[in-house]
>>> print(open('run22.txt').read())   # compact mmCIF, C-alpha atoms
# COMPACT_ATOMS: atom_id res chain seq x y z
CA MET A 1 -69.81 -7.12 34.11
CA ALA A 2 -69.50 -5.58 37.57
CA ASN A 3 -66.15 -5.95 39.31
CA THR A 4 -67.62 -5.37 42.75
CA ALA A 5 -70.54 -6.66 44.80
CA LYS A 6 -72.31 -4.60 47.46
CA PHE A 7 -73.12 -6.06 50.84
CA GLU A 8 -75.53 -4.20 53.11
CA ILE A 9 -76.26 -5.02 56.75
CA ASP A 10 -77.29 -2.96 59.79
CA GLY A 11 -76.95 0.26 57.85
CA LYS A 12 -73.42 -0.55 56.64
CA THR A 13 -72.49 -0.95 53.00
CA VAL A 14 -69.35 -2.83 52.02
CA GLU A 15 -68.05 -3.13 48.47
CA LEU A 16 -66.45 -6.51 47.82
CA PRO A 17 -64.23 -7.35 44.83
CA VAL A 18 -65.53 -9.91 42.32
CA LEU A 19 -62.80 -12.26 41.08
CA ARG A 20 -62.94 -14.31 37.91
CA GLY A 21 -60.86 -17.36 37.11
CA THR A 22 -60.07 -19.03 33.78
CA ASP A 23 -63.40 -20.82 33.95
CA GLY A 24 -66.18 -21.43 36.45
CA PRO A 25 -68.44 -19.02 38.36
CA ALA A 26 -67.37 -15.58 39.54
CA VAL A 27 -66.15 -15.38 43.15
CA VAL A 28 -67.00 -12.66 45.66
CA ASP A 29 -63.90 -11.88 47.73
CA ILE A 30 -65.20 -11.58 51.30
CA ARG A 31 -61.84 -11.34 53.06
CA LYS A 32 -62.49 -7.81 54.36
CA LEU A 33 -66.15 -8.41 55.24
CA TYR A 34 -65.54 -9.16 58.92
CA ALA A 35 -63.18 -6.20 59.37
CA GLU A 36 -65.54 -3.71 57.72
CA ALA A 37 -69.01 -5.04 58.61
CA ASP A 38 -68.34 -7.18 61.71
CA VAL A 39 -70.12 -10.22 60.21
CA PHE A 40 -69.14 -13.74 59.15
CA THR A 41 -70.59 -15.80 56.32
CA TYR A 42 -72.24 -19.16 57.04
CA ASP A 43 -71.67 -22.03 54.62
CA PRO A 44 -71.75 -25.56 56.13
CA GLY A 45 -69.94 -27.96 53.82
CA PHE A 46 -68.36 -24.99 52.00
CA MET A 47 -70.62 -25.54 48.98
CA SER A 48 -70.50 -21.85 48.02
CA THR A 49 -67.03 -21.01 49.32
CA ALA A 50 -63.75 -20.96 47.40
CA SER A 51 -61.09 -21.81 49.98
CA CYS A 52 -58.10 -21.09 47.74
CA GLU A 53 -56.85 -20.15 44.31
CA SER A 54 -55.57 -23.12 42.31
CA LYS A 55 -54.17 -23.85 38.85
CA ILE A 56 -54.27 -27.65 39.14
CA THR A 57 -57.74 -29.12 38.56
CA PHE A 58 -60.99 -27.74 37.19
CA ILE A 59 -64.42 -29.36 37.51
CA ASP A 60 -67.64 -28.24 35.84
CA GLY A 61 -70.15 -30.47 37.58
CA ASP A 62 -73.10 -29.40 35.43
CA ALA A 63 -71.29 -30.18 32.18
CA GLY A 64 -69.50 -33.29 33.47
CA ILE A 65 -66.03 -31.86 32.83
CA LEU A 66 -62.80 -32.71 34.69
CA LEU A 67 -59.54 -31.08 33.59
CA HIS A 68 -56.03 -31.53 34.98
CA ARG A 69 -53.93 -28.47 34.10
CA GLY A 70 -56.36 -27.96 31.19
CA TYR A 71 -56.26 -31.53 29.85
CA PRO A 72 -59.54 -33.55 29.84
CA ILE A 73 -59.40 -36.59 32.12
CA MET A 74 -60.62 -38.89 29.34
CA GLU A 75 -57.69 -37.90 27.09
CA LEU A 76 -55.18 -38.41 29.88
CA ALA A 77 -56.64 -41.80 30.78
CA GLU A 78 -56.54 -42.91 27.16
CA LYS A 79 -53.24 -41.46 25.95
CA SER A 80 -51.05 -40.77 28.98
CA SER A 81 -49.53 -42.74 31.85
CA PHE A 82 -49.92 -42.23 35.57
CA LEU A 83 -46.34 -41.04 36.07
CA GLU A 84 -46.73 -38.55 33.22
CA VAL A 85 -49.91 -37.26 34.91
CA CYS A 86 -47.95 -37.02 38.18
CA TYR A 87 -45.40 -34.80 36.45
CA LEU A 88 -48.19 -32.71 34.93
CA LEU A 89 -49.90 -32.14 38.28
CA LEU A 90 -46.65 -31.27 40.05
CA HIS A 91 -45.11 -29.04 37.37
CA GLY A 92 -48.03 -27.65 35.39
CA GLU A 93 -46.96 -28.94 31.97
CA LEU A 94 -46.51 -32.32 30.32
CA PRO A 95 -42.85 -33.38 30.36
CA THR A 96 -40.52 -33.54 27.39
CA ALA A 97 -38.91 -36.93 26.77
CA PRO A 98 -35.69 -36.00 28.68
CA GLU A 99 -37.70 -34.47 31.55
CA PHE A 100 -39.85 -37.57 31.86
CA GLU A 101 -36.80 -39.85 31.81
CA VAL A 102 -35.31 -37.98 34.78
CA PHE A 103 -38.65 -37.91 36.64
CA GLU A 104 -39.33 -41.61 36.08
CA HIS A 105 -35.81 -42.43 37.29
CA ASN A 106 -36.30 -40.34 40.45
CA ILE A 107 -39.58 -42.10 41.27
CA THR A 108 -38.27 -45.58 40.45
CA TYR A 109 -35.17 -45.20 42.64
CA HIS A 110 -37.18 -43.96 45.61
CA THR A 111 -39.54 -46.96 45.77
CA MET A 112 -37.54 -48.80 48.44
CA ILE A 113 -38.34 -48.07 52.07
CA HIS A 114 -35.94 -48.09 55.00
CA GLU A 115 -35.22 -51.64 56.20
CA GLN A 116 -36.14 -50.68 59.75
CA PHE A 117 -39.50 -49.40 58.51
CA ASP A 118 -40.68 -52.96 57.84
CA ARG A 119 -40.75 -53.61 61.58
CA PHE A 120 -43.42 -50.94 61.85
CA PHE A 121 -45.94 -53.24 60.15
CA MET A 122 -45.33 -55.99 62.69
CA GLY A 123 -46.82 -53.79 65.39
CA PHE A 124 -50.27 -54.11 63.85
CA ARG A 125 -52.64 -57.03 64.31
CA ARG A 126 -52.96 -59.23 61.25
CA ASP A 127 -56.64 -58.30 60.94
CA ALA A 128 -55.98 -54.54 61.07
CA HIS A 129 -57.75 -52.60 58.33
CA PRO A 130 -55.18 -51.66 55.65
CA MET A 131 -56.27 -48.01 55.87
CA ALA A 132 -55.38 -48.00 59.57
CA ILE A 133 -51.94 -49.27 58.62
CA MET A 134 -51.60 -46.70 55.83
CA THR A 135 -52.51 -43.79 58.10
CA GLY A 136 -49.93 -44.80 60.69
CA ALA A 137 -47.21 -45.83 58.23
CA VAL A 138 -47.32 -42.68 56.11
CA GLY A 139 -47.25 -40.48 59.21
CA ALA A 140 -44.21 -42.44 60.39
CA LEU A 141 -42.26 -41.58 57.23
CA SER A 142 -41.39 -38.24 58.83
CA ALA A 143 -39.44 -40.17 61.47
CA PHE A 144 -37.22 -41.69 58.76
CA TYR A 145 -36.71 -38.83 56.32
CA HIS A 146 -35.73 -35.77 58.33
CA ASP A 147 -33.91 -34.35 55.31
CA SER A 148 -37.15 -33.54 53.47
CA THR A 149 -39.45 -32.09 56.14
CA ASN A 150 -38.46 -28.42 55.86
CA VAL A 151 -41.52 -27.01 54.08
CA ASN A 152 -39.72 -23.72 53.38
CA ASP A 153 -37.05 -25.38 51.23
CA PRO A 154 -38.21 -25.90 47.59
CA ALA A 155 -35.66 -28.69 47.05
CA GLN A 156 -36.88 -30.57 50.12
CA ARG A 157 -40.49 -30.10 49.05
CA MET A 158 -39.75 -31.77 45.73
CA ILE A 159 -37.76 -34.59 47.33
CA SER A 160 -40.64 -35.33 49.71
CA ALA A 161 -43.05 -35.28 46.74
CA HIS A 162 -40.93 -37.84 44.87
CA ARG A 163 -40.55 -39.98 47.96
CA MET A 164 -44.25 -40.17 48.69
CA ILE A 165 -45.29 -40.90 45.10
CA ALA A 166 -42.60 -43.60 44.97
CA LYS A 167 -43.07 -45.20 48.38
CA MET A 168 -46.86 -45.22 48.55
CA PRO A 169 -47.19 -48.36 46.34
CA THR A 170 -44.57 -50.14 48.45
CA ILE A 171 -46.38 -49.26 51.69
CA ALA A 172 -49.80 -50.14 50.24
CA ALA A 173 -48.54 -53.50 48.95
CA ARG A 174 -47.00 -54.28 52.35
CA ALA A 175 -50.29 -53.47 54.08
CA PHE A 176 -51.96 -55.94 51.71
CA LYS A 177 -49.33 -58.66 52.11
CA TYR A 178 -49.33 -58.27 55.89
CA SER A 179 -53.09 -58.86 56.04
CA ARG A 180 -52.59 -62.01 53.97
CA GLY A 181 -49.75 -63.39 56.09
CA GLN A 182 -47.46 -63.42 53.06
CA PRO A 183 -43.86 -62.23 52.81
CA PHE A 184 -43.16 -58.70 51.64
CA VAL A 185 -42.06 -58.27 48.04
CA PHE A 186 -39.46 -55.68 47.13
CA PRO A 187 -39.81 -53.38 44.10
CA ARG A 188 -37.94 -53.99 40.84
CA ASN A 189 -36.41 -51.02 39.01
CA GLU A 190 -37.01 -52.41 35.52
CA LEU A 191 -40.80 -52.53 35.98
CA SER A 192 -43.29 -49.74 35.40
CA TYR A 193 -45.10 -48.04 38.29
CA ALA A 194 -48.28 -50.12 37.89
CA GLU A 195 -46.39 -53.35 37.17
CA ASN A 196 -44.29 -52.88 40.27
CA PHE A 197 -47.36 -52.39 42.44
CA LEU A 198 -49.20 -55.42 41.08
CA ARG A 199 -46.09 -57.58 41.47
CA MET A 200 -45.55 -56.42 45.07
CA CYS A 201 -49.19 -57.33 45.81
CA PHE A 202 -49.63 -60.63 43.99
CA SER A 203 -46.28 -62.35 43.44
CA VAL A 204 -45.21 -65.16 45.78
CA PRO A 205 -41.82 -66.88 46.25
CA ALA A 206 -43.17 -70.22 45.01
CA GLU A 207 -43.57 -69.10 41.39
CA ASP A 208 -42.49 -66.50 38.88
CA TRP A 209 -44.72 -63.48 38.34
CA VAL A 210 -45.42 -62.34 34.77
CA PRO A 211 -47.00 -58.93 34.11
CA ASN A 212 -50.29 -58.87 32.22
CA PRO A 213 -50.46 -55.81 29.92
CA VAL A 214 -54.28 -55.58 30.12
CA LEU A 215 -54.30 -55.60 33.91
CA THR A 216 -51.30 -53.27 34.09
CA LYS A 217 -53.03 -50.76 31.79
CA ALA A 218 -56.19 -51.01 33.89
CA MET A 219 -54.27 -50.37 37.11
CA ASP A 220 -52.46 -47.39 35.58
CA ARG A 221 -55.77 -45.98 34.30
CA ILE A 222 -57.40 -46.38 37.72
CA PHE A 223 -54.51 -44.41 39.23
CA ILE A 224 -54.99 -41.63 36.63
CA LEU A 225 -58.75 -41.40 37.27
CA HIS A 226 -58.15 -40.88 40.99
CA ALA A 227 -55.05 -38.66 40.83
CA ASP A 228 -56.76 -35.40 41.83
CA HIS A 229 -60.25 -34.02 42.18
CA GLU A 230 -60.03 -30.38 43.20
CA GLN A 231 -60.91 -29.25 46.76
CA ASN A 232 -62.63 -32.38 48.08
CA ALA A 233 -62.68 -33.36 51.76
CA SER A 234 -59.29 -35.11 51.86
CA THR A 235 -57.53 -32.48 49.72
CA SER A 236 -58.97 -29.71 51.88
CA THR A 237 -57.74 -31.64 54.93
CA VAL A 238 -54.23 -31.80 53.48
CA ARG A 239 -54.27 -28.07 52.72
CA LEU A 240 -55.65 -27.21 56.16
CA ALA A 241 -53.02 -29.36 57.92
CA GLY A 242 -50.32 -27.91 55.69
CA SER A 243 -51.39 -24.35 56.44
CA SER A 244 -50.00 -24.80 59.97
CA GLY A 245 -46.56 -25.63 58.56
CA ALA A 246 -46.85 -29.35 59.34
CA ASN A 247 -44.41 -31.61 57.47
CA PRO A 248 -45.71 -33.14 54.21
CA PHE A 249 -45.80 -36.72 55.52
CA ALA A 250 -48.08 -35.66 58.39
CA CYS A 251 -50.30 -33.73 55.96
CA ILE A 252 -50.72 -36.74 53.66
CA ALA A 253 -51.48 -38.98 56.65
CA ALA A 254 -54.24 -36.52 57.57
CA GLY A 255 -55.58 -36.75 54.02
CA ILE A 256 -55.60 -40.56 54.18
CA ALA A 257 -57.59 -40.43 57.43
CA SER A 258 -60.15 -38.13 55.78
CA LEU A 259 -60.34 -40.32 52.68
CA TRP A 260 -61.20 -43.37 54.79
CA GLY A 261 -64.78 -42.19 55.36
CA PRO A 262 -67.57 -44.03 53.49
CA LYS A 263 -68.87 -40.72 52.11
CA HIS A 264 -65.52 -40.11 50.43
CA GLY A 265 -62.92 -42.73 49.49
CA GLY A 266 -64.83 -45.60 51.01
CA ALA A 267 -67.73 -45.17 48.58
CA ASN A 268 -66.50 -47.80 46.07
CA GLU A 269 -66.32 -50.41 48.84
CA GLU A 270 -69.85 -49.49 49.91
CA CYS A 271 -71.01 -49.71 46.29
CA LEU A 272 -69.65 -53.23 45.85
CA ASN A 273 -71.30 -54.24 49.11
CA MET A 274 -74.59 -52.86 47.78
CA LEU A 275 -74.32 -54.84 44.52
CA THR A 276 -73.41 -57.97 46.49
CA ASP A 277 -76.43 -57.49 48.76
CA ILE A 278 -78.73 -57.19 45.72
CA GLY A 279 -77.20 -60.44 44.48
CA THR A 280 -79.17 -61.15 41.30
CA VAL A 281 -80.80 -59.15 38.52
CA ASP A 282 -84.32 -60.27 39.44
CA LYS A 283 -84.03 -58.49 42.80
CA ILE A 284 -83.29 -55.09 41.26
CA PRO A 285 -86.95 -53.92 41.00
CA GLU A 286 -87.42 -54.57 44.71
CA PHE A 287 -84.18 -52.71 45.50
CA VAL A 288 -85.08 -49.73 43.29
CA GLN A 289 -88.45 -49.43 44.99
CA GLY A 290 -86.67 -49.61 48.33
CA VAL A 291 -84.46 -46.70 47.26
CA LYS A 292 -87.54 -44.67 46.33
CA ASP A 293 -89.12 -45.50 49.67
CA ARG A 294 -85.85 -44.51 51.38
CA ARG A 295 -85.38 -47.97 52.82
CA TYR A 296 -82.15 -48.57 50.89
CA LEU A 297 -79.17 -46.35 50.05
CA LEU A 298 -78.14 -46.11 46.39
CA MET A 299 -74.35 -46.15 46.32
CA GLY A 300 -72.26 -45.31 43.24
CA PHE A 301 -74.78 -42.90 41.75
CA GLY A 302 -74.81 -39.13 41.97
CA HIS A 303 -71.97 -36.92 43.13
CA ARG A 304 -71.49 -33.92 45.39
CA VAL A 305 -70.07 -31.92 42.47
CA TYR A 306 -71.16 -33.65 39.25
CA LYS A 307 -74.78 -32.94 38.34
CA ASN A 308 -74.27 -34.77 35.07
CA TYR A 309 -72.46 -37.98 34.12
CA ASP A 310 -69.14 -38.38 35.94
CA PRO A 311 -66.55 -38.27 33.09
CA ARG A 312 -64.38 -40.75 34.99
CA ALA A 313 -67.23 -43.27 35.02
CA THR A 314 -67.16 -43.68 31.22
CA VAL A 315 -63.47 -44.64 31.29
CA MET A 316 -63.98 -46.82 34.35
CA GLN A 317 -66.84 -48.70 32.67
CA GLN A 318 -64.64 -49.51 29.65
CA THR A 319 -61.79 -50.57 31.93
CA CYS A 320 -64.12 -52.76 33.93
CA HIS A 321 -65.22 -54.74 30.86
CA GLU A 322 -61.62 -55.11 29.64
CA VAL A 323 -60.48 -56.54 32.98
CA LEU A 324 -63.45 -58.88 33.39
CA LYS A 325 -62.91 -60.24 29.88
CA GLU A 326 -59.19 -60.74 30.52
CA VAL A 327 -59.72 -62.68 33.75
CA GLY A 328 -62.67 -64.64 32.35
CA ALA A 329 -65.34 -63.06 34.52
CA GLU A 330 -67.60 -61.53 31.84
CA ASN A 331 -70.56 -63.38 33.32
CA ASP A 332 -69.81 -62.18 36.82
CA PRO A 333 -73.24 -61.91 38.51
CA ILE A 334 -72.20 -58.73 40.27
CA LEU A 335 -71.39 -57.12 36.90
CA GLN A 336 -74.76 -58.25 35.55
CA VAL A 337 -76.46 -56.59 38.51
CA ALA A 338 -74.39 -53.43 37.96
CA MET A 339 -75.23 -53.20 34.25
CA GLU A 340 -78.94 -53.76 34.81
CA LEU A 341 -79.06 -51.32 37.71
CA GLU A 342 -77.36 -48.72 35.53
CA LYS A 343 -79.99 -49.20 32.79
CA VAL A 344 -82.84 -48.87 35.26
CA ALA A 345 -81.39 -45.82 36.97
CA LEU A 346 -80.71 -44.04 33.66
CA SER A 347 -84.27 -44.57 32.42
CA ASP A 348 -86.36 -44.34 35.60
CA PRO A 349 -87.84 -40.81 36.01
CA TYR A 350 -87.10 -40.91 39.77
CA PHE A 351 -83.35 -41.13 39.14
CA VAL A 352 -83.28 -39.01 35.98
CA GLU A 353 -85.08 -36.09 37.64
CA ARG A 354 -82.62 -36.22 40.53
CA LYS A 355 -79.65 -36.61 38.14
CA LEU A 356 -78.44 -39.73 39.90
CA TYR A 357 -75.94 -40.73 37.22
CA PRO A 358 -73.29 -43.44 37.78
CA ASN A 359 -70.04 -42.11 39.24
CA VAL A 360 -66.53 -43.56 39.14
CA ASP A 361 -67.14 -45.66 42.26
CA PHE A 362 -69.91 -47.60 40.53
CA TYR A 363 -67.54 -49.65 38.35
CA SER A 364 -64.24 -49.30 40.18
CA GLY A 365 -65.19 -51.68 42.98
CA ILE A 366 -66.04 -54.46 40.50
CA THR A 367 -62.83 -53.83 38.57
CA LEU A 368 -60.62 -53.88 41.64
CA ARG A 369 -62.24 -57.11 42.82
CA ALA A 370 -61.54 -58.68 39.42
CA LEU A 371 -57.90 -57.57 39.73
CA GLY A 372 -57.73 -59.56 42.96
CA PHE A 373 -58.16 -56.92 45.65
CA PRO A 374 -60.55 -57.39 48.60
CA PRO A 375 -62.94 -54.52 49.46
CA GLU A 376 -60.82 -53.32 52.39
CA MET A 377 -58.02 -52.49 49.92
CA PHE A 378 -60.15 -50.29 47.65
CA THR A 379 -59.65 -47.08 49.62
CA VAL A 380 -55.93 -47.86 49.98
CA LEU A 381 -55.62 -47.84 46.19
CA PHE A 382 -57.54 -44.57 46.11
CA ALA A 383 -55.07 -43.09 48.60
CA LEU A 384 -52.12 -44.37 46.57
CA ALA A 385 -53.40 -42.65 43.44
CA ARG A 386 -54.55 -39.47 45.19
CA THR A 387 -51.15 -38.92 46.85
CA VAL A 388 -49.85 -36.98 43.86
CA GLY A 389 -52.91 -34.71 43.90
CA TRP A 390 -52.50 -34.08 47.61
CA ILE A 391 -48.82 -33.31 47.18
CA ALA A 392 -49.43 -30.99 44.21
CA GLN A 393 -52.17 -29.14 46.13
CA TRP A 394 -50.01 -28.97 49.29
CA LYS A 395 -47.03 -27.67 47.29
CA GLU A 396 -49.20 -25.03 45.57
CA MET A 397 -50.60 -23.93 48.93
CA ILE A 398 -47.13 -23.59 50.49
CA GLU A 399 -45.92 -21.53 47.51
CA ASP A 400 -48.98 -19.23 47.54
CA PRO A 401 -47.93 -15.88 49.11
CA SER A 402 -51.52 -15.19 50.19
CA GLN A 403 -51.92 -18.43 52.14
CA LYS A 404 -52.61 -18.24 55.85
CA ILE A 405 -53.23 -20.83 58.53
CA GLY A 406 -56.76 -22.16 58.13
CA ARG A 407 -59.12 -20.88 60.78
CA PRO A 408 -62.87 -21.24 59.99
CA ARG A 409 -65.35 -19.23 62.06
CA GLN A 410 -68.67 -20.30 63.57
CA ILE A 411 -72.14 -19.28 64.72
CA TYR A 412 -72.06 -19.72 68.47
CA THR A 413 -75.43 -21.00 69.78
CA GLY A 414 -74.36 -22.09 73.28
CA ALA A 415 -75.04 -20.53 76.68
CA PRO A 416 -74.34 -16.79 77.15
CA ALA A 417 -71.68 -15.61 79.61
CA ARG A 418 -72.51 -16.73 83.16
CA SER A 419 -70.86 -17.01 86.58
CA PHE A 420 -69.46 -20.19 88.02
CA VAL A 421 -71.47 -21.71 90.89
CA PRO A 422 -69.66 -23.94 93.46
CA VAL A 423 -70.77 -27.57 93.41
CA ASP A 424 -72.42 -27.40 96.86
CA LYS A 425 -74.73 -24.58 95.68
CA ARG A 426 -75.89 -26.02 92.36
>>> encode(input="run22.txt", output="structure tokens")
Amino acid sequence: MANTAKFEIDGKTVELPVLRGTDGPAVVDIRKLYAEADVFTYDPGFMSTASCESKITFIDGDAGILLHRGYPIMELAEKSSFLEVCYLLLHGELPTAPEFEVFEHNITYHTMIHEQFDRFFMGFRRDAHPMAIMTGAVGALSAFYHDSTNVNDPAQRMISAHRMIAKMPTIAARAFKYSRGQPFVFPRNELSYAENFLRMCFSVPAEDWVPNPVLTKAMDRIFILHADHEQNASTSTVRLAGSSGANPFACIAAGIASLWGPKHGGANEECLNMLTDIGTVDKIPEFVQGVKDRRYLLMGFGHRVYKNYDPRATVMQQTCHEVLKEVGAENDPILQVAMELEKVALSDPYFVERKLYPNVDFYSGITLRALGFPPEMFTVLFALARTVGWIAQWKEMIEDPSQKIGRPRQIYTGAPARSFVPVDKR
């Protein structure tokens, strides 16, 4: 196959290298196009543009494949743990038993946050959206941990990675407790990552909290399914912020802000709202017709990248049923609506032709609600899980010798050069 592509414009011919990765489509390297042909490329949404080289996550949207460092997401969700996946994303390989013991210890003993940091939460109104609190709180970490903000120091980069993975559940749980008017709960070192988070969210001083293995496994699996997803909007935001040399806490705060949007991390909240609005199974035909007539939005189906079934959705569906059975909500009307809507969408030619398959958001909202979380916490949990992916991508970007500060170009369509006219003569 050809190793170069020819580009011709205005009588100029430029030969551009063709790069090939481990998998996926070939990539035309256009870095010298502007210098040699005096033209830019135009790609709104970057749907045909590779912004970086990465060894972390691979997605084949047509085949419905998601790999982390080569491992299928379904295998990781079934056989691994979230902290083991964190190690894999950060280091490139699964840990040995001694390596994992050290890593787990490092994360566990970084879960506490500075005592003074708790006062930060008191500055927010009680009805503040938890994502607003998360954005501000994570950005504020850089004011407390000056010893891990030097992006040029590999040791500091790793310390900041451990700190953010460890402290994100503590911050997220505090955002939840604060909105409920309940006292903060401190982490316990003998508990697992998921157990600790659930305890910090749902335990109260009036009674003992006992971990439920089914719910703990579900929470851990949800974290795995959301750990990384290649160069999506929030990850690209983290990389772009990091390309300026900004400290890692600021970069992750930027990613959280990007994730907040309903077209990204807020999609599962929107999906649950949609199912709630439908209400009962008998109203589905009317809703489906409304989608076809473009009167209603269909949330939780289709994906920007996946043109087949979202591999995370299969695991999420199984997890959803396990949780609902455990908490005695198998006959949840919202689940009934979800299951029937899935059947209709998978058999109706309108949806099949457009490949509107269920994605991970379709079942995650129902599952999180059954676990006890309100809709405004859904994106917070997404941010908690995605932190390791952001950190791994940020770290890879910093260590890439070819990385430069991000600086997209544009097509300027404004007024041409003109002279200023004084106000009394306009």
>>> residues_around(input="run22.txt", residues="Ala132 (chain A)", least_positions_apart="5", cutoff="9 Å", atoms="only C-alpha atoms", output="PyMOL selection string")
chain A and resi 137+257+260
>>> closest_residue(input="run22.txt", among="A:Phe287, A:Gly406, A:Ala370, A:Ala194", to="Phe223 (chain A)", atoms="only C-alpha atoms")
A:Ala194
>>> closest_atom_pairs(input="run22.txt", of="region 153-204 of chain A", to="region 112-122 of chain A", cutoff="10 Å", atoms="all atoms listed in the file", output="CSV")
residue,atom,partner,partner_atom,distance
A:Arg163,CA,A:Met112,CA,9.3
A:Ala166,CA,A:Met112,CA,8.0
A:Lys167,CA,A:Met112,CA,6.6
A:Met168,CA,A:Ile113,CA,9.6
A:Pro169,CA,A:Met112,CA,9.9
A:Thr170,CA,A:Met112,CA,7.2
A:Ile171,CA,A:Ile113,CA,8.1
A:Arg174,CA,A:Phe121,CA,7.9
A:Ala175,CA,A:Phe121,CA,7.5
A:Tyr178,CA,A:Phe121,CA,7.4
A:Ser179,CA,A:Phe121,CA,10.0
A:Phe184,CA,A:Asp118,CA,8.8
A:Phe186,CA,A:Met112,CA,7.3
A:Pro187,CA,A:Met112,CA,6.7
A:Arg188,CA,A:Met112,CA,9.2
A:Asn189,CA,A:Met112,CA,9.8
>>> write_last_selection(input="run22.txt", atoms="C-alpha atoms", output="short mmCIF file (atom, residue, chain, number, x, y, z; two decimals), keeping the file's coordinate frame")
data_model
loop_
_atom_site.label_atom_id
_atom_site.label_comp_id
_atom_site.auth_asym_id
_atom_site.auth_seq_id
_atom_site.Cartn_x
_atom_site.Cartn_y
_atom_site.Cartn_z
CA ARG A 163 -40.55 -39.98 47.96
CA ALA A 166 -42.60 -43.60 44.97
CA LYS A 167 -43.07 -45.20 48.38
CA MET A 168 -46.86 -45.22 48.55
CA PRO A 169 -47.19 -48.36 46.34
CA THR A 170 -44.57 -50.14 48.45
CA ILE A 171 -46.38 -49.26 51.69
CA ARG A 174 -47.00 -54.28 52.35
CA ALA A 175 -50.29 -53.47 54.08
CA TYR A 178 -49.33 -58.27 55.89
CA SER A 179 -53.09 -58.86 56.04
CA PHE A 184 -43.16 -58.70 51.64
CA PHE A 186 -39.46 -55.68 47.13
CA PRO A 187 -39.81 -53.38 44.10
CA ARG A 188 -37.94 -53.99 40.84
CA ASN A 189 -36.41 -51.02 39.01
#
>>> atom_distance(input="run22.txt", atom1="CA of Glu269 (chain A)", atom2="CA of Val380 (chain A)")
10.8 Å
>>> atom_distance(input="run22.txt", atom1="CA of Leu67 (chain A)", atom2="CA of Ser234 (chain A)")
18.7 Å
>>> atom_distance(input="run22.txt", atom1="CA of Arg180 (chain A)", atom2="CA of Ser192 (chain A)")
24.1 Å
>>> closest_atom_pairs(input="run22.txt", of="region 306-328 of chain A", to="region 333-342 of chain A", cutoff="10 Å", atoms="all atoms listed in the file", output="Markdown table")
| residue | atom | partner | partner_atom | distance |
| --- | --- | --- | --- | --- |
| A:Gln317 | CA | A:Met339 | CA | 9.7 |
| A:Cys320 | CA | A:Leu335 | CA | 9.0 |
| A:His321 | CA | A:Leu335 | CA | 9.0 |
| A:Leu324 | CA | A:Leu335 | CA | 8.9 |
>>> closest_residue(input="run22.txt", among="A:Met47, A:Val39, A:Ile391, A:Thr57", to="Ala250 (chain A)", atoms="all atoms listed in the file")
A:Ile391
>>> closest_residue(input="run22.txt", among="A:Phe378, A:Phe100, A:Phe301, A:Tyr412", to="Pro358 (chain A)", atoms="only C-alpha atoms")
A:Phe301
>>> decode(input="run22.txt", residues="region 366-377 of chain A", atoms="N, CA and C atoms", output="PDB file, in the first residue's frame")
ATOM      1  N   ILE A 366     -30.681   4.231  35.071  1.00  0.00           N
ATOM      2  CA  ILE A 366     -31.583   3.414  35.884  1.00  0.00           C
ATOM      3  C   ILE A 366     -30.806   2.735  37.012  1.00  0.00           C
ATOM      4  N   THR A 367     -29.623   2.230  36.675  1.00  0.00           N
ATOM      5  CA  THR A 367     -28.802   1.534  37.664  1.00  0.00           C
ATOM      6  C   THR A 367     -28.373   2.468  38.779  1.00  0.00           C
ATOM      7  N   LEU A 368     -27.909   3.654  38.413  1.00  0.00           N
ATOM      8  CA  LEU A 368     -27.448   4.602  39.419  1.00  0.00           C
ATOM      9  C   LEU A 368     -28.598   5.055  40.313  1.00  0.00           C
ATOM     10  N   ARG A 369     -29.780   5.198  39.735  1.00  0.00           N
ATOM     11  CA  ARG A 369     -30.938   5.565  40.550  1.00  0.00           C
ATOM     12  C   ARG A 369     -31.253   4.459  41.555  1.00  0.00           C
ATOM     13  N   ALA A 370     -31.156   3.200  41.103  1.00  0.00           N
ATOM     14  CA  ALA A 370     -31.418   2.075  42.003  1.00  0.00           C
ATOM     15  C   ALA A 370     -30.378   1.993  43.117  1.00  0.00           C
ATOM     16  N   LEU A 371     -29.160   2.441  42.831  1.00  0.00           N
ATOM     17  CA  LEU A 371     -28.111   2.464  43.854  1.00  0.00           C
ATOM     18  C   LEU A 371     -28.345   3.568  44.879  1.00  0.00           C
ATOM     19  N   GLY A 372     -29.233   4.515  44.546  1.00  0.00           N
ATOM     20  CA  GLY A 372     -29.563   5.568  45.502  1.00  0.00           C
ATOM     21  C   GLY A 372     -29.114   6.955  45.115  1.00  0.00           C
ATOM     22  N   PHE A 373     -28.605   7.110  43.889  1.00  0.00           N
ATOM     23  CA  PHE A 373     -28.099   8.410  43.463  1.00  0.00           C
ATOM     24  C   PHE A 373     -29.175   9.192  42.706  1.00  0.00           C
ATOM     25  N   PRO A 374     -29.306  10.484  42.974  1.00  0.00           N
ATOM     26  CA  PRO A 374     -30.229  11.319  42.202  1.00  0.00           C
ATOM     27  C   PRO A 374     -29.607  11.661  40.852  1.00  0.00           C
ATOM     28  N   PRO A 375     -30.411  12.074  39.875  1.00  0.00           N
ATOM     29  CA  PRO A 375     -29.888  12.361  38.529  1.00  0.00           C
ATOM     30  C   PRO A 375     -28.738  13.358  38.494  1.00  0.00           C
ATOM     31  N   GLU A 376     -28.754  14.357  39.384  1.00  0.00           N
ATOM     32  CA  GLU A 376     -27.684  15.360  39.343  1.00  0.00           C
ATOM     33  C   GLU A 376     -26.326  14.801  39.749  1.00  0.00           C
ATOM     34  N   MET A 377     -26.304  13.571  40.296  1.00  0.00           N
ATOM     35  CA  MET A 377     -25.024  12.949  40.665  1.00  0.00           C
ATOM     36  C   MET A 377     -24.462  12.071  39.559  1.00  0.00           C
TER      37      MET A 377
END
